[in-house]
$ cat protein.txt   # compact mmCIF, C-alpha atoms and all ligand atoms
# COMPACT_ATOMS: atom_id res chain seq x y z
CA MET T 1 0.00 0.00 0.00
CA ASN T 2 1.03 3.56 -0.57
CA LYS T 3 4.58 2.64 -1.49
CA ILE T 4 4.87 5.64 -3.77
CA LYS T 5 4.62 8.02 -0.82
CA ALA T 6 7.64 6.36 0.81
CA GLU T 7 9.66 6.58 -2.40
CA ILE T 8 9.17 10.31 -2.87
CA GLU T 9 10.08 11.38 0.63
CA GLY T 10 12.54 14.27 0.49
CA VAL T 11 12.18 14.47 -3.31
CA SER T 12 11.35 17.70 -5.20
CA THR T 13 11.90 16.89 -8.87
CA ILE T 14 10.84 13.72 -10.70
CA ALA T 15 11.32 12.43 -14.24
CA ILE T 16 9.04 9.61 -15.36
CA ALA T 17 9.74 7.63 -18.54
CA GLY T 18 8.58 4.46 -20.26
CA HIS T 19 9.89 2.31 -23.08
CA ILE T 20 10.61 3.28 -26.68
CA ARG T 21 7.70 2.94 -29.14
CA PRO T 22 5.30 3.48 -26.21
CA ASP T 23 2.16 1.31 -26.08
CA GLY T 24 -1.07 1.81 -24.13
CA ASP T 25 0.26 0.43 -20.85
CA CYS T 26 3.39 2.55 -21.11
CA VAL T 27 1.51 5.80 -21.79
CA GLY T 28 -1.30 5.02 -19.33
CA SER T 29 1.17 4.20 -16.56
CA CYS T 30 3.30 7.31 -17.11
CA LEU T 31 0.33 9.70 -17.26
CA GLY T 32 -1.61 7.97 -14.48
CA LEU T 33 1.30 8.07 -12.05
CA SER T 34 2.44 11.59 -12.96
CA GLN T 35 -1.11 12.94 -12.59
CA TYR T 36 -1.48 11.20 -9.20
CA LEU T 37 1.79 12.72 -7.99
CA ILE T 38 0.90 16.21 -9.22
CA GLU T 39 -2.53 16.07 -7.56
CA ASN T 40 -1.42 14.70 -4.21
CA PHE T 41 2.05 16.03 -3.49
CA PRO T 42 2.20 19.83 -3.77
CA GLN T 43 5.76 19.80 -2.43
CA LEU T 44 6.93 18.41 -5.79
CA THR T 45 8.25 21.29 -7.91
CA GLU T 46 8.53 19.25 -11.10
CA VAL T 47 7.02 16.02 -12.43
CA THR T 48 7.95 15.57 -16.08
CA VAL T 49 7.03 12.67 -18.35
CA TYR T 50 9.48 11.77 -21.13
CA LEU T 51 8.21 9.55 -23.95
CA GLU T 52 8.72 9.07 -27.67
CA GLU T 53 5.88 10.24 -29.91
CA VAL T 54 2.52 9.13 -28.51
CA PRO T 55 -0.30 7.99 -30.83
CA GLY T 56 -3.00 10.65 -31.32
CA SER T 57 -5.76 8.50 -29.84
CA TYR T 58 -4.10 8.76 -26.38
CA GLN T 59 -4.11 12.56 -26.44
CA PHE T 60 -7.37 12.84 -24.46
CA LEU T 61 -5.56 11.74 -21.29
CA LYS T 62 -4.75 14.46 -18.76
CA GLY T 63 -1.15 15.54 -19.12
CA ALA T 64 -0.65 14.07 -22.61
CA ASP T 65 -0.02 17.55 -24.00
CA LYS T 66 2.86 18.06 -21.56
CA ILE T 67 4.84 14.93 -22.46
CA ARG T 68 8.39 15.85 -23.37
CA ASN T 69 10.41 14.37 -26.16
CA SER T 70 13.58 16.47 -26.04
CA TYR T 71 16.58 15.73 -23.91
CA GLU T 72 18.88 18.73 -24.36
CA ASP T 73 18.44 20.10 -20.83
CA LYS T 74 21.27 18.87 -18.64
CA LYS T 75 19.07 18.16 -15.66
CA GLU T 76 19.70 16.11 -12.57
CA TYR T 77 16.44 14.90 -11.13
CA ASP T 78 16.03 13.89 -7.50
CA LEU T 79 14.14 10.81 -8.67
CA PHE T 80 13.79 8.97 -11.96
CA ILE T 81 10.88 6.51 -12.26
CA ALA T 82 11.13 3.95 -15.09
CA LEU T 83 7.77 2.42 -16.06
CA ASP T 84 6.92 -0.66 -18.17
CA SER T 85 10.49 -0.95 -19.46
CA GLY T 86 12.06 -4.40 -19.03
CA ASP T 87 15.61 -3.15 -19.37
CA LYS T 88 17.47 0.14 -19.17
CA GLU T 89 18.24 0.31 -22.90
CA ARG T 90 14.52 0.30 -23.74
CA LEU T 91 14.21 3.67 -22.02
CA GLY T 92 15.85 5.12 -25.13
CA LYS T 93 17.06 8.70 -24.87
CA ALA T 94 15.57 9.13 -21.38
CA GLN T 95 18.50 7.04 -20.12
CA CYS T 96 20.50 10.28 -19.78
CA TYR T 97 18.23 11.34 -16.89
CA PHE T 98 18.25 7.85 -15.41
CA ASP T 99 22.05 7.99 -15.29
CA THR T 100 22.24 11.36 -13.54
CA ALA T 101 19.27 11.04 -11.15
CA LYS T 102 20.00 10.94 -7.41
CA LYS T 103 17.69 7.96 -7.05
CA THR T 104 16.05 5.53 -9.49
CA VAL T 105 12.90 3.43 -9.12
CA CYS T 106 11.63 0.87 -11.63
CA ILE T 107 7.99 -0.26 -11.69
CA ASP T 108 7.30 -3.05 -14.17
CA HIS T 109 5.77 -6.46 -14.93
CA HIS T 110 8.19 -7.96 -17.49
CA ILE T 111 9.44 -11.40 -16.47
CA SER T 112 12.73 -10.58 -18.25
CA ASN T 113 13.35 -7.55 -15.99
CA LYS T 114 16.47 -8.11 -13.89
CA GLY T 115 15.99 -5.03 -11.70
CA TYR T 116 18.22 -2.33 -13.19
CA ALA T 117 17.18 0.54 -10.89
CA LYS T 118 18.16 1.21 -7.29
CA VAL T 119 14.67 0.27 -6.08
CA ASN T 120 12.64 -2.21 -8.13
CA TYR T 121 8.96 -3.11 -7.99
CA ILE T 122 8.63 -5.91 -10.53
CA VAL T 123 5.48 -8.04 -10.46
CA PRO T 124 5.55 -10.54 -13.37
CA ASP T 125 2.09 -11.86 -12.42
CA ALA T 126 0.49 -8.44 -12.88
CA SER T 127 -1.41 -7.87 -16.12
CA SER T 128 0.23 -4.51 -16.69
CA THR T 129 2.42 -1.86 -15.15
CA ALA T 130 -0.78 0.14 -14.57
CA GLU T 131 -2.01 -2.67 -12.29
CA VAL T 132 1.28 -2.60 -10.35
CA ILE T 133 0.98 1.18 -9.91
CA PHE T 134 -2.61 0.80 -8.65
CA ASP T 135 -1.27 -1.25 -5.75
CA MET T 136 1.30 1.39 -4.85
CA ILE T 137 -1.07 4.34 -4.50
CA GLU T 138 -4.07 5.18 -2.31
CA GLN T 139 -7.37 4.07 -3.87
CA GLU T 140 -9.38 6.86 -2.29
CA LYS T 141 -7.11 9.46 -3.85
CA ILE T 142 -7.51 8.16 -7.42
CA THR T 143 -9.36 10.81 -9.45
CA LYS T 144 -11.26 10.22 -12.68
CA GLU T 145 -8.25 11.47 -14.70
CA VAL T 146 -5.84 9.05 -13.00
CA ALA T 147 -8.39 6.22 -13.35
CA GLU T 148 -8.75 6.84 -17.11
CA ALA T 149 -5.01 6.51 -17.65
CA LEU T 150 -4.57 3.37 -15.52
CA TYR T 151 -7.67 1.73 -17.01
CA MET T 152 -6.32 2.34 -20.50
CA GLY T 153 -3.03 0.68 -19.54
CA ILE T 154 -4.82 -2.42 -18.27
CA VAL T 155 -7.14 -2.57 -21.29
CA HIS T 156 -4.23 -2.56 -23.73
CA ASP T 157 -2.01 -5.13 -22.04
CA THR T 158 -4.92 -7.53 -21.45
CA GLY T 159 -6.44 -7.08 -24.92
CA VAL T 160 -9.59 -5.84 -23.18
CA PHE T 161 -9.45 -8.46 -20.39
CA GLN T 162 -8.99 -11.37 -22.81
CA TYR T 163 -5.34 -12.46 -22.52
CA SER T 164 -4.19 -14.97 -19.94
CA CYS T 165 -2.44 -12.23 -17.95
CA THR T 166 -5.93 -11.11 -16.83
CA SER T 167 -6.56 -12.27 -13.25
CA PRO T 168 -9.48 -11.92 -10.83
CA LYS T 169 -7.37 -9.20 -9.24
CA THR T 170 -7.17 -7.37 -12.59
CA MET T 171 -10.96 -7.37 -12.76
CA ARG T 172 -11.22 -6.02 -9.21
CA VAL T 173 -8.77 -3.22 -10.02
CA ALA T 174 -10.74 -2.42 -13.19
CA ALA T 175 -13.95 -2.33 -11.12
CA VAL T 176 -12.50 0.25 -8.73
CA LEU T 177 -11.34 2.36 -11.68
CA MET T 178 -14.78 2.08 -13.34
CA GLU T 179 -16.36 3.39 -10.14
CA LYS T 180 -14.41 6.61 -10.56
CA GLY T 181 -16.85 7.51 -13.33
CA ILE T 182 -14.67 6.92 -16.39
CA ASP T 183 -16.15 6.52 -19.86
CA PHE T 184 -14.74 3.00 -20.20
CA ASN T 185 -16.53 2.16 -23.41
CA ARG T 186 -15.09 5.23 -25.11
CA ILE T 187 -11.58 4.45 -23.85
CA ILE T 188 -11.78 0.90 -25.23
CA ASP T 189 -13.22 1.90 -28.60
CA GLU T 190 -11.18 5.01 -29.27
CA THR T 191 -7.78 3.77 -28.08
CA PHE T 192 -7.98 0.04 -28.76
CA ASN T 193 -10.70 -1.00 -31.20
CA TYR T 194 -10.78 1.78 -33.76
CA LYS T 195 -8.20 1.62 -36.54
CA THR T 196 -7.66 4.04 -39.39
CA TYR T 197 -8.36 2.84 -42.90
CA VAL T 198 -4.65 2.37 -43.69
CA GLN T 199 -4.18 0.44 -40.45
CA LYS T 200 -6.95 -1.93 -41.56
CA GLN T 201 -5.39 -2.17 -45.02
CA ILE T 202 -1.95 -3.09 -43.71
CA LEU T 203 -3.53 -5.63 -41.33
CA GLY T 204 -5.33 -7.14 -44.31
CA ARG T 205 -2.12 -7.31 -46.25
CA ALA T 206 -0.25 -8.92 -43.36
CA LEU T 207 -2.94 -11.62 -43.04
CA LEU T 208 -3.10 -12.21 -46.79
CA GLU T 209 0.66 -12.59 -47.14
CA SER T 210 1.13 -14.70 -44.00
CA ILE T 211 2.67 -18.14 -44.22
CA MET T 212 2.48 -21.23 -42.01
CA LEU T 213 5.65 -22.94 -40.79
CA LEU T 214 6.45 -25.89 -38.50
CA ASP T 215 3.48 -27.96 -39.68
CA GLY T 216 1.00 -25.16 -39.05
CA LYS T 217 2.22 -24.51 -35.50
CA CYS T 218 3.80 -21.22 -36.44
CA ILE T 219 2.26 -18.38 -38.46
CA VAL T 220 4.49 -15.65 -39.83
CA SER T 221 4.06 -12.36 -41.62
CA ALA T 222 6.48 -9.56 -42.51
CA ILE T 223 6.18 -5.94 -43.65
CA ARG T 224 9.06 -4.35 -45.54
CA GLN T 225 10.17 -0.71 -45.81
CA LYS T 226 8.72 -0.31 -49.30
CA GLU T 227 5.28 -1.31 -47.98
CA PHE T 228 5.54 1.34 -45.28
CA GLU T 229 5.99 3.88 -48.05
CA PHE T 230 3.28 2.43 -50.28
CA TYR T 231 0.63 2.49 -47.54
CA ASN T 232 2.09 5.55 -45.83
CA VAL T 233 2.15 3.86 -42.42
CA LYS T 234 4.49 4.04 -39.43
CA PRO T 235 5.46 1.28 -36.98
CA SER T 236 2.74 2.27 -34.47
CA ASP T 237 0.14 1.52 -37.19
CA LEU T 238 1.17 -2.14 -36.95
CA ASP T 239 0.03 -2.65 -33.34
CA GLY T 240 -2.41 -5.52 -33.03
CA ILE T 241 -1.40 -7.40 -36.17
CA VAL T 242 0.52 -10.09 -34.27
CA SER T 243 -2.50 -10.64 -31.97
CA GLN T 244 -4.67 -11.25 -35.03
CA LEU T 245 -2.16 -13.81 -36.29
CA ARG T 246 -2.12 -15.62 -32.92
CA THR T 247 -5.82 -16.53 -33.02
CA THR T 248 -5.38 -18.74 -36.09
CA LYS T 249 -6.55 -22.28 -35.28
CA GLY T 250 -3.76 -24.78 -34.66
CA VAL T 251 -1.10 -22.12 -34.18
CA GLU T 252 1.26 -22.23 -31.17
CA VAL T 253 3.30 -19.14 -32.01
CA ALA T 254 2.63 -16.07 -34.15
CA ILE T 255 5.56 -14.04 -35.45
CA PHE T 256 5.28 -10.60 -36.98
CA LEU T 257 8.32 -8.84 -38.44
CA TYR T 258 8.79 -5.38 -39.76
CA GLU T 259 11.89 -4.02 -41.40
CA SER T 260 13.24 -1.35 -39.04
CA ASN T 261 16.45 -0.76 -41.00
CA VAL T 262 18.44 -2.28 -43.83
CA GLN T 263 18.83 -5.99 -43.00
CA GLU T 264 17.26 -5.39 -39.58
CA TYR T 265 13.87 -6.59 -38.33
CA ARG T 266 11.73 -5.80 -35.28
CA VAL T 267 10.26 -9.07 -34.08
CA SER T 268 6.94 -9.44 -32.22
CA MET T 269 5.92 -12.85 -30.95
CA ARG T 270 2.75 -14.19 -29.32
CA SER T 271 2.27 -17.68 -27.90
CA ASN T 272 -0.79 -19.72 -27.04
CA GLY T 273 0.93 -21.16 -23.99
CA ASN T 274 3.06 -24.14 -25.03
CA VAL T 275 6.06 -22.07 -26.12
CA ASP T 276 7.78 -19.52 -23.87
CA VAL T 277 8.39 -16.68 -26.31
CA ASN T 278 10.19 -14.64 -23.64
CA GLU T 279 12.86 -17.35 -23.66
CA VAL T 280 13.12 -17.10 -27.47
CA ALA T 281 13.28 -13.27 -27.35
CA CYS T 282 15.90 -13.29 -24.55
CA TYR T 283 18.05 -15.68 -26.58
CA PHE T 284 18.18 -13.03 -29.31
CA GLY T 285 18.77 -10.11 -26.93
CA GLY T 286 15.15 -9.04 -26.35
CA GLY T 287 12.58 -9.87 -23.69
CA GLY T 288 8.99 -9.58 -22.58
CA HIS T 289 6.51 -12.06 -21.14
CA VAL T 290 5.92 -15.82 -21.54
CA ARG T 291 3.12 -15.24 -24.07
CA ALA T 292 4.18 -11.88 -25.59
CA ALA T 293 7.75 -10.89 -26.31
CA GLY T 294 9.94 -9.07 -28.80
CA CYS T 295 13.48 -8.45 -30.01
CA THR T 296 15.41 -6.90 -32.89
CA MET T 297 17.36 -9.15 -35.27
CA GLN T 298 19.81 -8.66 -38.13
CA GLY T 299 19.77 -10.36 -41.53
CA SER T 300 17.23 -11.23 -44.22
CA VAL T 301 13.65 -12.32 -43.42
CA TYR T 302 14.81 -15.84 -44.22
CA ASP T 303 17.72 -15.68 -41.72
CA VAL T 304 15.55 -14.19 -38.99
CA LEU T 305 12.80 -16.79 -39.42
CA ASN T 306 15.29 -19.63 -39.60
CA ASN T 307 16.80 -18.58 -36.29
CA LEU T 308 13.47 -17.98 -34.57
CA THR T 309 11.78 -21.18 -35.72
CA GLY T 310 14.89 -23.16 -34.70
CA GLN T 311 14.36 -22.05 -31.09
CA ILE T 312 10.59 -22.56 -31.23
CA GLU T 313 10.94 -26.04 -32.70
CA ARG T 314 13.43 -26.97 -29.96
CA GLN T 315 10.92 -25.94 -27.29
CA LEU T 316 8.09 -27.83 -29.00
CA HIS T 317 10.24 -30.98 -29.14
CA GLN T 318 11.19 -30.65 -25.48
CA LYS T 319 7.55 -30.29 -24.53
CA GLN T 320 6.56 -33.29 -26.65
CA GLU T 321 9.25 -35.44 -24.98
CA LYS T 322 8.09 -34.35 -21.55
CA ASP T 323 4.45 -35.15 -22.36
CA GLU T 324 5.27 -38.64 -23.62
P1 LIG D 401 5.48 -6.20 -28.74
O1 LIG D 401 5.46 -7.43 -29.57
O2 LIG D 401 6.38 -5.12 -29.28
O3 LIG D 401 4.11 -5.72 -28.40
O4 LIG D 401 6.17 -6.63 -27.37
C1 LIG D 401 5.65 -7.67 -26.59
C2 LIG D 401 6.14 -7.53 -25.17
O5 LIG D 401 7.55 -7.77 -25.12
C3 LIG D 401 5.93 -6.15 -24.58
O6 LIG D 401 5.60 -6.29 -23.22
C4 LIG D 401 7.26 -5.48 -24.76
O7 LIG D 401 7.47 -4.50 -23.77
C5 LIG D 401 8.24 -6.62 -24.66
N1 LIG D 401 9.41 -6.41 -25.52
C6 LIG D 401 9.38 -6.21 -26.85
N2 LIG D 401 10.62 -6.04 -27.35
C7 LIG D 401 11.47 -6.14 -26.31
C8 LIG D 401 12.90 -6.04 -26.18
N3 LIG D 401 13.69 -5.82 -27.21
N4 LIG D 401 13.41 -6.19 -24.93
C9 LIG D 401 12.61 -6.40 -23.87
N5 LIG D 401 11.26 -6.51 -23.94
C10 LIG D 401 10.69 -6.37 -25.13
MN MN D 402 4.58 -1.88 -22.88
MN MN D 403 3.11 -3.50 -19.98

$ encode --input "protein.txt" --output "structure tokens" --more "lines below"
Ligand code: AMP
Ligand code: MN
Ligand code: MN
Amino acid sequence: MNKIKAEIEGVSTIAIAGHIRPDGDCVGSCLGLSQYLIENFPQLTEVTVYLEEVPGSYQFLKGADKIRNSYEDKKEYDLFIALDSGDKERLGKAQCYFDTAKKTVCIDHHISNKGYAKVNYIVPDASSTAEVIFDMIEQEKITKEVAEALYMGIVHDTGVFQYSCTSPKTMRVAAVLMEKGIDFNRIIDETFNYKTYVQKQILGRALLESIMLLDGKCIVSAIRQKEFEFYNVKPSDLDGIVSQLRTTKGVEVAIFLYESNVQEYRVSMRSNGNVDVNEVACYFGGGGHVRAAGCTMQGSVYDVLNNLTGQIERQLHQKQEKDE
């Protein structure tokens, strides 16, 4: 309870940051916590959120217009709070403030997180970082604005309470947040369900061009740079594609790749439970959760898939031997 209060004792200035290519949980956690701190601790002279460009649909959240994306100021914060970032490198440019801060706290739920801050609150069983934050603050002091941000975080990381990371506890937290009077239906539709026309088109293309590997246990799709240009899309327009691939009957693992640079691919993986994709991602220098993980890999699509499916096949064999 109220662990946040203990962490900010004697602190005047705070920087809060999440991971690169921020998703709903990352943005919701950063804005929910910063808003809570601003509202409840007048002794704080500065609470600044640093994040890469945030998708337009999240702009309705209180404080979204104050998010900073420039790092020129040579500031030394009393406290740096890292949210939803499984390792220090994923903080991107905000690492400069992490390195100079007098104290660092990490709040996260990635199983791959080794605890890179001075104080670490890592709860791998939690659905989202937003759920972890909920447990660290006072329920009675949660305003509608804070509730909106935390609810959005939970909605995104649970796929609207559908993924296996959703627990009875998650539902209880969501219930408390709903009671704060939030427009939950609008949050779900406008930040999670609605896609622009080009986002739907690129999803359609990814599904159409997908291939099955490992006897139908693995579904794969890739988007190359030239397709980004053709459809005029950016990486954040690709959110949700890998989840669509996962729900293909018979599939154990879905892999979605996009070309992030010449001979370089961003890898997103989702599992239906029999393969630990965090283990696969960690093997290639990334991380995440058992059923949702990612990494960046070098080479052609063929090289990347060969390496990934090699690891997945090994796990499937091991499981088969154990079951026999
Ligand atoms: P994504 O497929 O990008 O949605 O990522 C799935 C999950 O894995 C998210 O919780 C990410 O934060 C995490 N993740 C993705 N890439 C990495 C990485 N390179 N290192 C650590 N965690 C990652
Ligand atoms: Mn995230
Ligand atoms: Mn998360």

$ residues_near_ligand --input "protein.txt" --ligand "ligand MN 403 (chain D)" --cutoff "10 Å" --atoms "all atoms listed in the file" --output "PyMOL selection string"
chain T and resi 18-19+22-29+83-86+108-110+124+126-132+153-154+156-158+288-289

$ residues_near_ligand --input "protein.txt" --ligand "ligand LIG 401 (chain D)" --cutoff "10 Å" --atoms "only C-alpha atoms and all ligand atoms" --output "JSON, numbers by chain"
{"T": [18, 19, 20, 21, 22, 23, 25, 26, 84, 85, 86, 87, 88, 89, 90, 108, 109, 110, 111, 112, 113, 128, 129, 157, 236, 238, 239, 240, 241, 242, 243, 255, 256, 257, 266, 267, 268, 269, 270, 277, 278, 281, 282, 284, 285, 286, 287, 288, 289, 290, 291, 292, 293, 294, 295, 296, 297]}

$ closest_residue --input "protein.txt" --among "T:Leu207, T:Leu79, T:Tyr302, T:Cys30" --to "ligand MN 402 (chain D)" --atoms "all atoms listed in the file"
T:Cys30

$ closest_residue --input "protein.txt" --among "T:Val47, T:Met152, T:Leu245, T:Glu209" --to "ligand MN 402 (chain D)" --atoms "all atoms listed in the file"
T:Met152

$ closest_residue --input "protein.txt" --among "T:Asp237, T:Asp276, T:Asp125, T:Asp303" --to "Glu264 of chain T" --atoms "all atoms listed in the file"
T:Asp303

$ atom_distance --input "protein.txt" --atom1 "atom CA of Met136 of chain T" --atom2 "atom CA of Tyr77 of chain T"
21.2 Å

$ atom_distance --input "protein.txt" --atom1 "atom CA of Gly216 of chain T" --atom2 "atom CA of Asn274 of chain T"
14.2 Å

$ closest_residue --input "protein.txt" --among "T:Val54, T:Ala101, T:Leu33, T:Ala82" --to "Ile137 of chain T" --atoms "only C-alpha atoms"
T:Leu33

$ atom_distance --input "protein.txt" --atom1 "atom CA of Asn232 of chain T" --atom2 "atom CA of Gly63 of chain T"
28.7 Å

$ closest_residue --input "protein.txt" --among "T:Gln199, T:Glu39, T:Ile14, T:Leu91" --to "ligand MN 402 (chain D)" --atoms "all atoms listed in the file"
T:Leu91

$ residues_around --input "protein.txt" --residues "Lys66 of chain T" --least-positions-apart "4" --cutoff "9 Å" --atoms "only C-alpha atoms" --output "PyMOL selection string"
chain T and resi 48-49+62

$ write_last_selection --input "protein.txt" --atoms "C-alpha atoms" --output "mmCIF file, keeping the file's coordinate frame"
data_model
loop_
_atom_site.group_PDB
_atom_site.id
_atom_site.type_symbol
_atom_site.label_atom_id
_atom_site.label_comp_id
_atom_site.auth_asym_id
_atom_site.auth_seq_id
_atom_site.Cartn_x
_atom_site.Cartn_y
_atom_site.Cartn_z
ATOM 1 C CA THR T 48 7.950 15.570 -16.080
ATOM 2 C CA VAL T 49 7.030 12.670 -18.350
ATOM 3 C CA LYS T 62 -4.750 14.460 -18.760
#

$ residues_around --input "protein.txt" --residues "Phe60 of chain T" --least-positions-apart "3" --cutoff "10 Å" --atoms "all atoms listed in the file" --output "ChimeraX atom specification"
/T:56-57,63-65,145,148-149,187,190-191

$ closest_residue --input "protein.txt" --among "T:Leu51, T:Ala15, T:Thr247, T:Asn2" --to "Gln162 of chain T" --atoms "only C-alpha atoms"
T:Thr247

$ axis_aligned_box --input "protein.txt" --around "segment 251-265 of chain T" --padding-each-side "8 Å" --output "lines of an AutoDock Vina configuration file"
center_x = 8.9
center_y = -11.5
center_z = -37.5
size_x = 35.9
size_y = 37.5
size_z = 28.7
